[in-house]
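Colleague: Got a structure here, written out as structure tokens. Questions coming.
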Protein chains: 2
Amino acid sequence: MDKPAIDRTDRLSLIPLFAGLPRPHLEALTGIAVPRTVPAGRRIFSEGEEGRGFYAILTGRVKIFKLSPEGKEQILHLFSPGEIFGEVAVFTGQGYPAHAAAERACSLLFFPREAFVGLIRGDASLALGMLAVLSVRLRRFTRMVEDLSLKEVPGRLAAHLLYRSGAEKKEVVELDLSKTQLAALLGTIPETLSRILTRMGRRGLIRTQGSRIAILDRAGLETIASEGGKLP
Amino acid sequence: MDKPAIDRTDRLSLIPLFAGLPRPHLEALTGIAVPRTVPAGRRIFSEGEEGRGFYAILTGRVKIFKLSPEGKEQILHLFSPGEIFGEVAVFTGQGYPAHAAAERACSLLFFPREAFVGLIRGDASLALGMLAVLSVRLRRFTRMVEDLSLKEVPGRLAAHLLYRSGAEKKEVVELDLSKTQLAALLGTIPETLSRILTRMGRRGLIRTQGSRIAILDRAGLETIASEGGKLP
DNA sequence: ATCGGTCCTTGACTTAAGTCAAAGACGTTC
DNA sequence: GAACGTCTTTGACTTAAGTCAAGGACCGAT
């Protein structure tokens, strides 16, 4: 027979947002968290729906996205275990600003709004953690807006590949998402992405094998990512 | 002879972020705030610059923007008195994520990072206010990303006009910015904006007279804003 | 009133990227 | 291993929007 209360509190401390919190606070959070599992593909919430709380991901992956009237999808975020989502609705008190769906089967924790705000109201360190999360997100959006309006698709793709190659400058980037999804993330469509990958391949910048992309000419990609970025 | 400490505290309470705070907290904030005036056009900080703190606007207007390598400008925000900016750098501890410049002559208050974080650390209500501000901003960006990637320029313009017409459904929108700036805000260029305004005029959707735009066919604009939005 | 500047508009052209359609690759299931 | 579905690639075409360049309007200053 296990002791679920303790297990659950331990799991909470794996979420970076809560990582530094003292034990009693973690236990209080455990008290308000509601576990929820979601099968792959299932919608978690929809844009405009009343925001009753936010979620933390224990396992799986969640996609946050917008849809155009014609059905084109713009992915705003892809969240992995340890990350939270839906928190904007908690502090604005309005509906969720976008759709959320399980990319893969997920196990989540749901934090109801009222209860969570109650905790945060008395705990500035929890609030500070939340501020850090929102700030990082805001910073990412700033870049995203810049990319969408100032860069063309090759520039966005180059920037994205370099980003995923990371500070360790990995030679090979393993895409853990379909090219269709990558297109949605870059604000374009699969056909365009495919063409640009081909062109980059021809120019000797990259070599793609399935979902694996080898970076052959890092400097070239950097040029494309920062300067306008034509590839003739 | 006046009592500057009190005047300054009163001014602080005009900033919505601080509005609900109890007197002692306001005085603490006054203690760390550094007044600064900036002439029209002057840069306040640049992208990447170390973020030593954030600003609140007392008078004037501030533009937050990104620049493409070719010099095209994407305006991210236009801030007015009572609003704050540069706060993301405070919580991420990294450089400012975009440029800031005074649109008009400004009088600002500067809140140095360390001191402000010290205050917030002990005051969850101040932190909650900050969370609300960031959440609203995040929500706006969500819409901006959606617009940029899923809507064409006529759709963005229509949405913007309706937004400015407000809930009161004002018949006439008075632009308090140049059309060049409006273009930058919509993620396009003045020529394109000009053409679309003309087309909308021809279609009987709006009538423009200088910086004043009359909304003639609200329903038509709503269609363009929400559905793809062709205007033949 | 006239000059000079900046902003705005218009036209002709170019181009990036989206649409539509079809064929190829890949993996899964029966 | 054949058949199905989904994802990906490719081609031909269309189109929205950017570039370049030239006028025109507007405004403040002389």
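Ligands are numbered from 1 in the order shown, residues from 1 within each chain, and chains are lettered A, B, ... in the order they appear in the structure tokens.
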Report the closest atom pair, with its distance in Å rounded to one decimal, for each residue of chain B that has an atom no farther than 10 Å from chain D; count only C-alpha atoms (C1' of nucleotides), sort by chain and then rising residue number, and write it as JSON lines.

Modeller:
```
{"residue": "B:Glu152", "atom": "CA", "partner": "D:DA16", "partner_atom": "C1'", "distance": 7.9}
{"residue": "B:Val153", "atom": "CA", "partner": "D:DA17", "partner_atom": "C1'", "distance": 8.7}
{"residue": "B:Thr188", "atom": "CA", "partner": "D:DA17", "partner_atom": "C1'", "distance": 8.6}
{"residue": "B:Ile189", "atom": "CA", "partner": "D:DG18", "partner_atom": "C1'", "distance": 8.1}
{"residue": "B:Glu191", "atom": "CA", "partner": "D:DG18", "partner_atom": "C1'", "distance": 9.0}
{"residue": "B:Thr192", "atom": "CA", "partner": "D:DA17", "partner_atom": "C1'", "distance": 7.0}
{"residue": "B:Gly210", "atom": "CA", "partner": "D:DC26", "partner_atom": "C1'", "distance": 9.8}
```

Colleague: Next, dump the selected residues to file, keeping only all heavy atoms, as an mmCIF file, in the first residue's frame.

Modeller:
```cif
data_model
loop_
_atom_site.group_PDB
_atom_site.id
_atom_site.type_symbol
_atom_site.label_atom_id
_atom_site.label_comp_id
_atom_site.auth_asym_id
_atom_site.auth_seq_id
_atom_site.Cartn_x
_atom_site.Cartn_y
_atom_site.Cartn_z
ATOM 1 N N GLU B 152 -4.526 38.084 -43.552
ATOM 2 C CA GLU B 152 -3.844 38.971 -44.472
ATOM 3 C C GLU B 152 -4.011 40.400 -43.976
ATOM 4 O O GLU B 152 -4.736 40.655 -43.022
ATOM 5 C CB GLU B 152 -4.424 38.767 -45.865
ATOM 6 C CG GLU B 152 -3.978 37.397 -46.379
ATOM 7 C CD GLU B 152 -4.948 36.803 -47.371
ATOM 8 O OE1 GLU B 152 -5.914 37.494 -47.723
ATOM 9 O OE2 GLU B 152 -4.724 35.649 -47.774
ATOM 10 N N VAL B 153 -3.321 41.311 -44.661
ATOM 11 C CA VAL B 153 -3.303 42.679 -44.163
ATOM 12 C C VAL B 153 -4.704 43.282 -44.032
ATOM 13 O O VAL B 153 -4.998 43.924 -43.022
ATOM 14 C CB VAL B 153 -2.368 43.566 -45.006
ATOM 15 C CG1 VAL B 153 -2.338 44.978 -44.458
ATOM 16 C CG2 VAL B 153 -0.965 42.987 -45.020
ATOM 17 N N THR B 188 3.243 45.593 -41.750
ATOM 18 C CA THR B 188 3.336 45.782 -43.198
ATOM 19 C C THR B 188 4.057 47.088 -43.482
ATOM 20 O O THR B 188 4.746 47.609 -42.607
ATOM 21 C CB THR B 188 1.936 45.719 -43.855
ATOM 22 O OG1 THR B 188 2.067 45.813 -45.259
ATOM 23 C CG2 THR B 188 1.034 46.826 -43.350
ATOM 24 N N ILE B 189 3.906 47.615 -44.692
ATOM 25 C CA ILE B 189 4.600 48.839 -45.085
ATOM 26 C C ILE B 189 3.576 49.879 -45.513
ATOM 27 O O ILE B 189 2.440 49.535 -45.843
ATOM 28 C CB ILE B 189 5.579 48.574 -46.250
ATOM 29 C CG1 ILE B 189 4.838 47.950 -47.427
ATOM 30 C CG2 ILE B 189 6.724 47.687 -45.806
ATOM 31 C CD1 ILE B 189 5.686 47.806 -48.668
ATOM 32 N N GLU B 191 3.006 51.686 -48.172
ATOM 33 C CA GLU B 191 2.375 51.547 -49.489
ATOM 34 C C GLU B 191 1.208 50.570 -49.446
ATOM 35 O O GLU B 191 0.120 50.853 -49.945
ATOM 36 C CB GLU B 191 3.392 51.056 -50.526
ATOM 37 C CG GLU B 191 4.487 52.049 -50.875
ATOM 38 C CD GLU B 191 5.753 51.761 -50.113
ATOM 39 O OE1 GLU B 191 5.633 51.510 -48.898
ATOM 40 O OE2 GLU B 191 6.835 51.782 -50.717
ATOM 41 N N THR B 192 1.456 49.417 -48.866
ATOM 42 C CA THR B 192 0.403 48.405 -48.812
ATOM 43 C C THR B 192 -0.791 48.914 -48.016
ATOM 44 O O THR B 192 -1.943 48.762 -48.427
ATOM 45 C CB THR B 192 0.958 47.114 -48.180
ATOM 46 O OG1 THR B 192 2.012 46.622 -49.011
ATOM 47 C CG2 THR B 192 -0.111 46.064 -48.045
ATOM 48 N N GLY B 210 -7.757 62.315 -43.941
ATOM 49 C CA GLY B 210 -6.551 62.562 -43.153
ATOM 50 C C GLY B 210 -6.363 61.451 -42.129
ATOM 51 O O GLY B 210 -6.369 60.278 -42.485
#
```

Colleague: Up to 10 Å from chain B, what residues of chain C turn up? Count only C-alpha atoms (C1' of nucleotides) and give them as number ranges by chain.

Modeller: C: 7-10

Colleague: Write the residues you've just listed into a file as a short mmCIF file (atom, residue, chain, number, x, y, z; two decimals), in the first residue's frame, and include all heavy atoms for each of them.

Modeller:
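Heads up, here's the output in out_4.cif:
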```cif
data_model
loop_
_atom_site.label_atom_id
_atom_site.label_comp_id
_atom_site.auth_asym_id
_atom_site.auth_seq_id
_atom_site.Cartn_x
_atom_site.Cartn_y
_atom_site.Cartn_z
P DC C 7 8.27 61.46 -41.74
OP1 DC C 7 8.25 61.25 -40.28
OP2 DC C 7 9.20 60.71 -42.61
"O5'" DC C 7 6.79 61.23 -42.28
"C5'" DC C 7 5.75 62.11 -41.85
"C4'" DC C 7 4.64 62.08 -42.87
"O4'" DC C 7 5.13 62.59 -44.13
"C3'" DC C 7 4.10 60.67 -43.17
"O3'" DC C 7 2.71 60.68 -42.89
"C2'" DC C 7 4.40 60.46 -44.65
"C1'" DC C 7 4.50 61.88 -45.17
N1 DC C 7 5.32 62.06 -46.40
C2 DC C 7 4.73 62.58 -47.55
O2 DC C 7 3.52 62.87 -47.53
N3 DC C 7 5.48 62.76 -48.67
C4 DC C 7 6.78 62.44 -48.65
N4 DC C 7 7.48 62.65 -49.78
C5 DC C 7 7.41 61.92 -47.49
C6 DC C 7 6.65 61.74 -46.39
P DC C 8 1.89 59.31 -42.96
OP1 DC C 8 0.76 59.43 -42.01
OP2 DC C 8 2.83 58.17 -42.88
"O5'" DC C 8 1.29 59.34 -44.43
"C5'" DC C 8 0.42 60.42 -44.78
"C4'" DC C 8 0.09 60.32 -46.24
"O4'" DC C 8 1.29 60.53 -47.01
"C3'" DC C 8 -0.47 58.97 -46.69
"O3'" DC C 8 -1.80 59.18 -47.13
"C2'" DC C 8 0.48 58.51 -47.81
"C1'" DC C 8 1.18 59.80 -48.20
N1 DC C 8 2.55 59.66 -48.75
C2 DC C 8 2.80 60.05 -50.07
O2 DC C 8 1.85 60.47 -50.75
N3 DC C 8 4.06 59.94 -50.56
C4 DC C 8 5.05 59.49 -49.79
N4 DC C 8 6.28 59.41 -50.32
C5 DC C 8 4.83 59.09 -48.45
C6 DC C 8 3.57 59.19 -47.96
P DT C 9 -2.67 57.95 -47.66
OP1 DT C 9 -4.10 58.30 -47.55
OP2 DT C 9 -2.13 56.72 -47.05
"O5'" DT C 9 -2.31 57.94 -49.20
"C5'" DT C 9 -2.76 59.02 -50.02
"C4'" DT C 9 -2.28 58.82 -51.43
"O4'" DT C 9 -0.84 58.73 -51.43
"C3'" DT C 9 -2.79 57.57 -52.14
"O3'" DT C 9 -3.62 58.01 -53.21
"C2'" DT C 9 -1.52 56.85 -52.62
"C1'" DT C 9 -0.45 57.93 -52.53
N1 DT C 9 0.94 57.49 -52.24
C2 DT C 9 1.89 57.71 -53.20
O2 DT C 9 1.66 58.22 -54.27
N3 DT C 9 3.16 57.30 -52.83
C4 DT C 9 3.54 56.71 -51.65
O4 DT C 9 4.71 56.39 -51.43
C5 DT C 9 2.48 56.51 -50.69
C7 DT C 9 2.78 55.88 -49.35
C6 DT C 9 1.24 56.91 -51.02
P DT C 10 -4.58 56.99 -53.97
OP1 DT C 10 -5.74 57.75 -54.48
OP2 DT C 10 -4.78 55.82 -53.11
"O5'" DT C 10 -3.70 56.55 -55.22
"C5'" DT C 10 -3.13 57.56 -56.05
"C4'" DT C 10 -2.13 56.95 -57.01
"O4'" DT C 10 -0.87 56.76 -56.35
"C3'" DT C 10 -2.52 55.58 -57.58
"O3'" DT C 10 -2.87 55.77 -58.94
"C2'" DT C 10 -1.28 54.71 -57.39
"C1'" DT C 10 -0.21 55.71 -57.01
N1 DT C 10 0.82 55.22 -56.06
C2 DT C 10 2.14 55.36 -56.35
O2 DT C 10 2.54 55.87 -57.37
N3 DT C 10 3.00 54.89 -55.39
C4 DT C 10 2.65 54.29 -54.19
O4 DT C 10 3.51 53.91 -53.40
C5 DT C 10 1.24 54.15 -53.94
C7 DT C 10 0.75 53.53 -52.69
C6 DT C 10 0.39 54.63 -54.88
#
```

Colleague: How close does each residue of chain B get to chain A, giving the shortest atom pair and distance in Å to one decimal for every residue with an atom at most 7 Å away, counting only C-alpha atoms, sorted by chain and residue number, as a Markdown table?

Modeller:
```
| residue | atom | partner | partner_atom | distance |
| --- | --- | --- | --- | --- |
| B:Lys66 | CA | A:Glu146 | CA | 6.5 |
| B:Ser68 | CA | A:Leu150 | CA | 5.6 |
| B:Pro69 | CA | A:Glu227 | CA | 5.6 |
| B:Gln74 | CA | A:Glu146 | CA | 6.9 |
| B:Val88 | CA | A:Ser135 | CA | 5.0 |
| B:Phe91 | CA | A:Ala132 | CA | 5.2 |
| B:Thr92 | CA | A:Ala132 | CA | 6.0 |
| B:Pro97 | CA | A:Arg139 | CA | 6.3 |
| B:Ile120 | CA | A:Ala124 | CA | 6.9 |
| B:Arg121 | CA | A:Ala124 | CA | 5.3 |
| B:Gly122 | CA | A:Ala124 | CA | 6.0 |
| B:Asp123 | CA | A:Ala124 | CA | 5.9 |
| B:Ala124 | CA | A:Ala124 | CA | 4.3 |
| B:Ser125 | CA | A:Arg121 | CA | 6.3 |
| B:Ala127 | CA | A:Ala127 | CA | 5.9 |
| B:Leu128 | CA | A:Ala127 | CA | 6.9 |
| B:Leu131 | CA | A:Leu131 | CA | 6.1 |
| B:Ala132 | CA | A:Phe91 | CA | 5.2 |
| B:Leu134 | CA | A:Leu134 | CA | 6.7 |
| B:Ser135 | CA | A:Val88 | CA | 5.0 |
| B:Val136 | CA | A:Thr92 | CA | 6.4 |
| B:Leu138 | CA | A:Leu138 | CA | 5.9 |
| B:Arg139 | CA | A:Pro97 | CA | 6.3 |
| B:Phe141 | CA | A:Phe141 | CA | 6.5 |
| B:Val145 | CA | A:Val145 | CA | 5.8 |
| B:Glu146 | CA | A:Lys66 | CA | 6.5 |
| B:Leu148 | CA | A:Leu148 | CA | 6.5 |
| B:Ser149 | CA | A:Gly187 | CA | 5.6 |
| B:Leu150 | CA | A:Ser68 | CA | 5.6 |
| B:Gly187 | CA | A:Ser149 | CA | 5.6 |
| B:Glu227 | CA | A:Pro69 | CA | 5.7 |
| B:Gly228 | CA | A:Pro69 | CA | 6.6 |
```

Colleague: For the alpha helix (DSSP H) assignment from backbone DSSP, which residues of segment 63-128 of chain B qualify? Please present them as number ranges by chain.

Modeller: B: 87-92, 113-121, 124-128

Colleague: Could you tell me how far atom CA of His160 of chain B lies from atom CA of Ile64 of chain B, in Å and to one decimal?

Modeller: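 Those two atoms sit 17.9 Å apart.
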
Colleague: What is the distance, in Å and to one decimal place, between atom CA of Gly204 of chain B and atom CA of Ala219 of chain B?

Modeller: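 Atom-to-atom, atom CA of Gly204 of chain B to atom CA of Ala219 of chain B, that is 11.6 Å.
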
Colleague: So the first atom is atom CA of Gly201 of chain A and the second is atom CA of Leu78 of chain A; what is the distance between them in Å, to one decimal place?

Modeller: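 Separation between atom CA of Gly201 of chain A and atom CA of Leu78 of chain A: 26.4 Å.
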
Colleague: Please identify all polymer residues within 12 Å of Ile224 of chain B, counting only C-alpha atoms (C1' of nucleotides), omitting same-chain residues fewer than 5 positions from it, and present them as an mmCIF file with all heavy atoms, in the first residue's frame.

Modeller:
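Produced file around.cif, reproduced below:
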```
data_model
loop_
_atom_site.group_PDB
_atom_site.id
_atom_site.type_symbol
_atom_site.label_atom_id
_atom_site.label_comp_id
_atom_site.auth_asym_id
_atom_site.auth_seq_id
_atom_site.Cartn_x
_atom_site.Cartn_y
_atom_site.Cartn_z
ATOM 1 N N PRO A 69 -9.933 30.669 -40.103
ATOM 2 C CA PRO A 69 -11.270 30.226 -40.504
ATOM 3 C C PRO A 69 -11.189 29.091 -41.527
ATOM 4 O O PRO A 69 -12.052 28.223 -41.570
ATOM 5 C CB PRO A 69 -11.886 31.473 -41.149
ATOM 6 C CG PRO A 69 -11.020 32.614 -40.790
ATOM 7 C CD PRO A 69 -9.705 32.093 -40.337
ATOM 8 N N LYS B 151 -3.873 35.859 -40.818
ATOM 9 C CA LYS B 151 -4.705 36.840 -41.514
ATOM 10 C C LYS B 151 -3.880 37.638 -42.500
ATOM 11 O O LYS B 151 -2.718 37.893 -42.282
ATOM 12 C CB LYS B 151 -5.323 37.818 -40.505
ATOM 13 C CG LYS B 151 -6.455 37.240 -39.697
ATOM 14 C CD LYS B 151 -7.049 38.332 -38.825
ATOM 15 C CE LYS B 151 -7.984 37.771 -37.779
ATOM 16 N NZ LYS B 151 -8.251 38.761 -36.728
ATOM 17 N N GLU B 152 -4.526 38.084 -43.552
ATOM 18 C CA GLU B 152 -3.844 38.971 -44.472
ATOM 19 C C GLU B 152 -4.011 40.400 -43.976
ATOM 20 O O GLU B 152 -4.736 40.655 -43.022
ATOM 21 C CB GLU B 152 -4.424 38.767 -45.865
ATOM 22 C CG GLU B 152 -3.978 37.397 -46.379
ATOM 23 C CD GLU B 152 -4.948 36.803 -47.371
ATOM 24 O OE1 GLU B 152 -5.914 37.494 -47.723
ATOM 25 O OE2 GLU B 152 -4.724 35.649 -47.774
ATOM 26 N N VAL B 153 -3.321 41.311 -44.661
ATOM 27 C CA VAL B 153 -3.303 42.679 -44.163
ATOM 28 C C VAL B 153 -4.704 43.282 -44.032
ATOM 29 O O VAL B 153 -4.998 43.924 -43.022
ATOM 30 C CB VAL B 153 -2.368 43.566 -45.006
ATOM 31 C CG1 VAL B 153 -2.338 44.978 -44.458
ATOM 32 C CG2 VAL B 153 -0.965 42.987 -45.020
ATOM 33 N N PRO B 154 -5.599 43.115 -45.014
ATOM 34 C CA PRO B 154 -6.940 43.684 -44.842
ATOM 35 C C PRO B 154 -7.602 43.178 -43.563
ATOM 36 O O PRO B 154 -8.260 43.943 -42.854
ATOM 37 C CB PRO B 154 -7.693 43.181 -46.073
ATOM 38 C CG PRO B 154 -6.634 42.937 -47.094
ATOM 39 C CD PRO B 154 -5.435 42.463 -46.334
ATOM 40 N N GLY B 155 -7.431 41.909 -43.251
ATOM 41 C CA GLY B 155 -8.003 41.364 -42.030
ATOM 42 C C GLY B 155 -7.426 42.019 -40.790
ATOM 43 O O GLY B 155 -8.146 42.340 -39.843
ATOM 44 N N ARG B 156 -6.116 42.225 -40.797
ATOM 45 C CA ARG B 156 -5.489 42.848 -39.633
ATOM 46 C C ARG B 156 -5.950 44.277 -39.489
ATOM 47 O O ARG B 156 -6.240 44.746 -38.387
ATOM 48 C CB ARG B 156 -3.964 42.859 -39.799
ATOM 49 C CG ARG B 156 -3.364 41.481 -39.830
ATOM 50 C CD ARG B 156 -1.856 41.590 -40.012
ATOM 51 N NE ARG B 156 -1.385 40.674 -41.030
ATOM 52 C CZ ARG B 156 -0.242 40.779 -41.687
ATOM 53 N NH1 ARG B 156 0.558 41.795 -41.430
ATOM 54 N NH2 ARG B 156 0.094 39.896 -42.584
ATOM 55 N N LEU B 157 -6.044 44.979 -40.615
ATOM 56 C CA LEU B 157 -6.482 46.369 -40.569
ATOM 57 C C LEU B 157 -7.921 46.453 -40.069
ATOM 58 O O LEU B 157 -8.238 47.261 -39.186
ATOM 59 C CB LEU B 157 -6.354 47.013 -41.947
ATOM 60 C CG LEU B 157 -6.924 48.418 -42.075
ATOM 61 C CD1 LEU B 157 -6.249 49.372 -41.086
ATOM 62 C CD2 LEU B 157 -6.762 48.948 -43.500
ATOM 63 N N ALA B 158 -8.782 45.609 -40.618
ATOM 64 C CA ALA B 158 -10.188 45.633 -40.205
ATOM 65 C C ALA B 158 -10.291 45.370 -38.700
ATOM 66 O O ALA B 158 -10.981 46.097 -37.983
ATOM 67 C CB ALA B 158 -10.981 44.586 -40.979
ATOM 68 N N ALA B 159 -9.560 44.350 -38.231
ATOM 69 C CA ALA B 159 -9.601 44.035 -36.806
ATOM 70 C C ALA B 159 -9.131 45.230 -35.991
ATOM 71 O O ALA B 159 -9.703 45.564 -34.959
ATOM 72 C CB ALA B 159 -8.734 42.814 -36.522
ATOM 73 N N HIS B 160 -8.090 45.877 -36.491
ATOM 74 C CA HIS B 160 -7.538 46.998 -35.748
ATOM 75 C C HIS B 160 -8.517 48.164 -35.684
ATOM 76 O O HIS B 160 -8.708 48.779 -34.638
ATOM 77 C CB HIS B 160 -6.233 47.440 -36.403
ATOM 78 C CG HIS B 160 -5.498 48.477 -35.629
ATOM 79 N ND1 HIS B 160 -4.671 48.156 -34.581
ATOM 80 C CD2 HIS B 160 -5.504 49.826 -35.699
ATOM 81 C CE1 HIS B 160 -4.184 49.271 -34.060
ATOM 82 N NE2 HIS B 160 -4.673 50.306 -34.724
ATOM 83 N N LEU B 161 -9.165 48.443 -36.797
ATOM 84 C CA LEU B 161 -10.129 49.549 -36.811
ATOM 85 C C LEU B 161 -11.283 49.262 -35.863
ATOM 86 O O LEU B 161 -11.714 50.132 -35.106
ATOM 87 C CB LEU B 161 -10.660 49.762 -38.234
ATOM 88 C CG LEU B 161 -9.658 50.358 -39.219
ATOM 89 C CD1 LEU B 161 -10.270 50.458 -40.610
ATOM 90 C CD2 LEU B 161 -9.187 51.733 -38.746
ATOM 91 N N LEU B 162 -11.754 48.031 -35.888
ATOM 92 C CA LEU B 162 -12.865 47.685 -34.998
ATOM 93 C C LEU B 162 -12.419 47.803 -33.546
ATOM 94 O O LEU B 162 -13.155 48.304 -32.693
ATOM 95 C CB LEU B 162 -13.345 46.264 -35.298
ATOM 96 C CG LEU B 162 -14.019 46.118 -36.667
ATOM 97 C CD1 LEU B 162 -14.233 44.644 -37.000
ATOM 98 C CD2 LEU B 162 -15.341 46.871 -36.696
ATOM 99 N N MET B 200 -10.678 49.763 -49.416
ATOM 100 C CA MET B 200 -11.793 49.715 -48.467
ATOM 101 C C MET B 200 -12.711 50.905 -48.661
ATOM 102 O O MET B 200 -13.926 50.792 -48.480
ATOM 103 C CB MET B 200 -11.276 49.678 -47.031
ATOM 104 C CG MET B 200 -10.712 48.335 -46.608
ATOM 105 S SD MET B 200 -10.284 48.340 -44.846
ATOM 106 C CE MET B 200 -9.976 46.572 -44.578
ATOM 107 N N LEU B 205 -16.588 50.555 -47.284
ATOM 108 C CA LEU B 205 -16.455 50.078 -45.910
ATOM 109 C C LEU B 205 -16.101 51.223 -44.969
ATOM 110 O O LEU B 205 -16.565 51.274 -43.829
ATOM 111 C CB LEU B 205 -15.369 48.998 -45.849
ATOM 112 C CG LEU B 205 -15.717 47.701 -46.589
ATOM 113 C CD1 LEU B 205 -14.455 46.904 -46.900
ATOM 114 C CD2 LEU B 205 -16.666 46.868 -45.742
ATOM 115 N N ASP B 217 -19.338 50.602 -42.847
ATOM 116 C CA ASP B 217 -19.964 49.281 -42.907
ATOM 117 C C ASP B 217 -19.286 48.353 -41.891
ATOM 118 O O ASP B 217 -18.388 47.590 -42.213
ATOM 119 C CB ASP B 217 -19.824 48.713 -44.329
ATOM 120 C CG ASP B 217 -20.418 47.315 -44.443
ATOM 121 O OD1 ASP B 217 -20.924 46.792 -43.425
ATOM 122 O OD2 ASP B 217 -20.349 46.747 -45.543
ATOM 123 N N ARG B 218 -19.776 48.459 -40.668
ATOM 124 C CA ARG B 218 -19.163 47.710 -39.573
ATOM 125 C C ARG B 218 -19.243 46.197 -39.817
ATOM 126 O O ARG B 218 -18.272 45.471 -39.610
ATOM 127 C CB ARG B 218 -19.841 48.099 -38.249
ATOM 128 C CG ARG B 218 -19.530 47.200 -37.101
ATOM 129 C CD ARG B 218 -20.031 47.793 -35.801
ATOM 130 N NE ARG B 218 -18.937 48.323 -35.033
ATOM 131 C CZ ARG B 218 -18.591 49.588 -34.954
ATOM 132 N NH1 ARG B 218 -19.258 50.502 -35.609
ATOM 133 N NH2 ARG B 218 -17.571 49.953 -34.220
ATOM 134 N N ALA B 219 -20.385 45.743 -40.277
ATOM 135 C CA ALA B 219 -20.555 44.301 -40.503
ATOM 136 C C ALA B 219 -19.556 43.809 -41.545
ATOM 137 O O ALA B 219 -18.966 42.732 -41.407
ATOM 138 C CB ALA B 219 -21.977 44.000 -40.945
ATOM 139 N N GLY B 229 -11.002 37.277 -45.689
ATOM 140 C CA GLY B 229 -11.032 38.699 -45.969
ATOM 141 C C GLY B 229 -10.452 39.097 -47.301
ATOM 142 O O GLY B 229 -9.388 39.684 -47.374
ATOM 143 N N LYS B 230 -11.157 38.782 -48.355
ATOM 144 C CA LYS B 230 -10.816 39.329 -49.668
ATOM 145 C C LYS B 230 -11.628 40.606 -49.859
ATOM 146 O O LYS B 230 -12.763 40.695 -49.403
ATOM 147 C CB LYS B 230 -11.206 38.351 -50.785
ATOM 148 C CG LYS B 230 -10.892 36.914 -50.487
ATOM 149 C CD LYS B 230 -9.600 36.477 -51.121
ATOM 150 C CE LYS B 230 -9.256 35.053 -50.715
ATOM 151 N NZ LYS B 230 -7.960 34.919 -50.081
ATOM 152 N N LEU B 231 -11.066 41.578 -50.538
ATOM 153 C CA LEU B 231 -11.913 42.705 -50.958
ATOM 154 C C LEU B 231 -11.641 42.994 -52.424
ATOM 155 O O LEU B 231 -10.661 43.616 -52.757
ATOM 156 C CB LEU B 231 -11.735 43.967 -50.125
ATOM 157 C CG LEU B 231 -10.450 44.388 -49.458
ATOM 158 C CD1 LEU B 231 -10.440 45.871 -49.268
ATOM 159 C CD2 LEU B 231 -10.338 43.694 -48.146
ATOM 160 N N PRO B 232 -12.532 42.545 -53.267
ATOM 161 C CA PRO B 232 -12.302 42.579 -54.731
ATOM 162 C C PRO B 232 -12.380 44.011 -55.284
ATOM 163 O O PRO B 232 -12.243 44.946 -54.578
ATOM 164 C CB PRO B 232 -13.446 41.722 -55.289
ATOM 165 C CG PRO B 232 -14.304 41.297 -54.142
ATOM 166 C CD PRO B 232 -13.801 41.953 -52.897
#
```
